[in-house]
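Asks: The structure that follows is given in the form of structure tokens.
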There are 2 protein chains.
Amino acid sequence: MEAVNLNKKECKFVVAVDESEESMYALSWCLGNLISQNTTNNLVLLYVKPPPPVYSSFHAAGYVFSSDVIRALEKYGSDLVKSVMGRAEAICGKFSSNIHVERIVGSGDAKDVICHIVDKIKADTLVMGSHGYGFFKRALLGSVSDHCAKHVKCPVVIVKHPEKR
Amino acid sequence: MEAVNLNKKECKFVVAVDESEESMYALSWCLGNLISQNTTNNLVLLYVKPPPPVYSSFHAAGYVFSSDVIRALEKYGSDLVKSVMGRAEAICGKFSSNIHVERIVGSGDAKDVICHIVDKIKADTLVMGSHGYGFFKRALLGSVSDHCAKHVKCPVVIVKHPEKR
């Protein structure tokens with residue numbers, strides 16, 4: 001059996017964040033339960049935007065959006081990233097500890113992007129809410145946390161919001 | 001948003017153990033990553049035996065086992081519990097920390113029993129391997145970790161064995 005490395009000097013956590021309360025709660029859980037004082041902690045806040053075709057001028061249902069609408073949607077998406085990341089960093093700020101926080105914003109199908117990035121940056125642990133991924137109710141298309149738990153290589157923590165239990 | 005309680009004096013972790021290397025690795029991961037020096041840690045080693053009908057005198061395929069065979073099977077099951085628990089406790093012993101270890105042996109469908117016990121004893125975190133639950137290859141009947149991640153109320157950590165990644 002391969003032993004768990006207890007003398008690791010550096011740990012990289014990825015927390016998948018979105019607009020949901022649950023993802024913010026998962027972040028707090030990570031900060032409160034996984035961050036050790038004896039290691040250097042790299043915390044990656046990962047937000048995944050929907051893929052570009054959502055904003056294309058031809059809507060799936062056949063409606064044609066004007067360029068103003070497209071620009072407004074793009075601005076909305078970009079404001080959302082700022083808002084989610086700002087909120088997440090505020091939560092990190094409350095935990096006085098040796099944490100280095102980094103932002104990664106991906107684009108595409110949330111479940112694929114999360115798995116890809118977690119493996120690519122060789123994260124030690126992925127933390128995420130059990131529901132969400134909020135924007136455009138992508139959760140309805142299938143559980144992102146289910147998929148990630150199956151496909152990423154590192155341990156995955158799935159955190160439920162207490163009010164949704 | 002309900003805040004994560006950082007001043008908690010006592011934490012209860014449940015680790016679902018079975019005969020698999022993966023569940024032992026999950027236990028090591030829990031001991032190495034979740035146990036805090038600042039709290040009292042209660043670690044529950046939970047093993048679930050298959051339900052009694054497996055040992056009944058009428059086998060599903062119609063074979064009739066003699067009472068000797070049934071006794072031998074029962075002894076095998078009981079030896080297995082001792083072996084798994086003994087191994088798990090040996091792993092706990094390597095981690096010199098403030099951990100109170102408790103054994104719970106359940107019987108029935110692993111996924112239902114794990115969810116029931118985790119909620120009943122109000123565990124703070126459930127830790128388990130992603131595959132297994134080994135005995136009689138129950139994993140083939142559906143993923144236990146999938147089911148538990150969906151149904152228990154507390155955060156669930158799903159740990160993969162490095163060799164199976």
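We label chains A, B, ... in the order they appear in the structure tokens, count residues from 1 in each chain, and number ligands from 1 in the order shown.
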I'd like the neighbourhood of Trp29 (chain A) as a list in words, where a residue qualifies if any of its atoms comes within 12 Å (using only C-alpha atoms), though same-chain residues fewer than 6 positions away should be ignored.
Replies: Val15, Glu22, Ser23, Ile35, Ile91, Cys92, Phe95, Val127, Met128, Gly129, Val157, Ile158, Val159, Lys160, His161 and Pro162 of chain A; Glu2, Ala3, Val4, Asn5, Leu6, Leu34, Asp124, Thr125, Cys154, Pro155 and Val156 of chain B
Asks: Neighbours of region 146-153 of chain B within 10 Å (only C-alpha atoms; same-chain residues fewer than 6 positions away dropped), as JSON, numbers by chain?
Replies: {"A": [130, 131, 145, 146, 147, 149, 150, 157, 158, 159, 160, 161, 162, 163, 164, 165], "B": [110, 111, 112, 113, 114, 115, 116, 117, 118, 119, 122, 123, 124, 125, 126, 127, 128, 130, 131]}
Asks: Can you pull out every residue within 10 Å of His100 (chain B), counting only C-alpha atoms, but drop anything in the same chain fewer than 6 positions away, and send it as a PyMOL selection string?
Replies: chain B and resi 12+40-44+92
Asks: Can I get the selected residues back with N, CA and C atoms, as an mmCIF file, in the first residue's frame?
Replies:
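Now in part38.cif:
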data_model
loop_
_atom_site.group_PDB
_atom_site.id
_atom_site.type_symbol
_atom_site.label_atom_id
_atom_site.label_comp_id
_atom_site.auth_asym_id
_atom_site.auth_seq_id
_atom_site.Cartn_x
_atom_site.Cartn_y
_atom_site.Cartn_z
ATOM 1 N N LYS B 12 -16.136 14.161 14.962
ATOM 2 C CA LYS B 12 -16.385 12.736 14.780
ATOM 3 C C LYS B 12 -16.246 12.360 13.302
ATOM 4 N N THR B 40 -10.685 17.292 20.046
ATOM 5 C CA THR B 40 -10.766 15.882 20.415
ATOM 6 C C THR B 40 -11.315 15.151 19.202
ATOM 7 N N ASN B 41 -10.591 14.145 18.755
ATOM 8 C CA ASN B 41 -10.994 13.454 17.529
ATOM 9 C C ASN B 41 -11.545 12.067 17.831
ATOM 10 N N ASN B 42 -12.784 11.865 17.472
ATOM 11 C CA ASN B 42 -13.385 10.540 17.581
ATOM 12 C C ASN B 42 -13.417 9.919 16.204
ATOM 13 N N LEU B 43 -12.729 8.803 16.085
ATOM 14 C CA LEU B 43 -12.655 8.137 14.785
ATOM 15 C C LEU B 43 -13.431 6.833 14.857
ATOM 16 N N VAL B 44 -14.473 6.737 14.053
ATOM 17 C CA VAL B 44 -15.281 5.523 14.051
ATOM 18 C C VAL B 44 -14.893 4.686 12.838
ATOM 19 N N CYS B 92 -4.134 3.314 12.662
ATOM 20 C CA CYS B 92 -4.423 4.419 13.597
ATOM 21 C C CYS B 92 -3.296 4.557 14.615
#
Asks: CA of Ser143 (chain A) and CA of Glu21 (chain B), how far apart in Å?
Replies: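 Between CA of Glu21 (chain B) and CA of Ser143 (chain A) the gap works out to 27.7 Å.
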Asks: Could you please write out, as a ChimeraX atom specification, every residue of region 5-124 of chain B that DSSP assigns to helix (DSSP H, G or I)?
Replies: /B:21-33,52-55,67-93,110-120
Asks: Name the residues in contact with region 81-87 of chain B at a cut-off of 6 Å, using only C-alpha atoms, excluding same-chain residues fewer than 3 positions from it; report them as a VMD selection string.
Replies: chain B and resid 19 78 90
Asks: Could the residues in this selection be saved with N, CA, C and O atoms as a compact mmCIF listing (two decimals), in the first residue's frame?
Replies:
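Final output, saved to selection_16.txt:
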# COMPACT_ATOMS: atom_id res chain seq x y z
N GLU B 19 -12.02 -4.83 3.16
CA GLU B 19 -10.78 -5.58 2.94
C GLU B 19 -9.87 -4.91 1.92
O GLU B 19 -8.76 -5.37 1.68
N SER B 78 -16.63 -13.57 10.43
CA SER B 78 -16.20 -13.02 11.71
C SER B 78 -14.69 -12.80 11.74
O SER B 78 -14.19 -11.81 12.28
N ALA B 90 -4.19 -0.81 13.57
CA ALA B 90 -2.73 -0.72 13.48
C ALA B 90 -2.33 0.56 12.75
O ALA B 90 -1.37 1.24 13.13
Asks: For chain B, which residue out of A:Leu27, A:Val48, A:Val17, A:Ile104 is the nearest one, using only C-alpha atoms?
Replies: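 Among the listed residues, the smallest separation from chain B belongs to A:Leu27.
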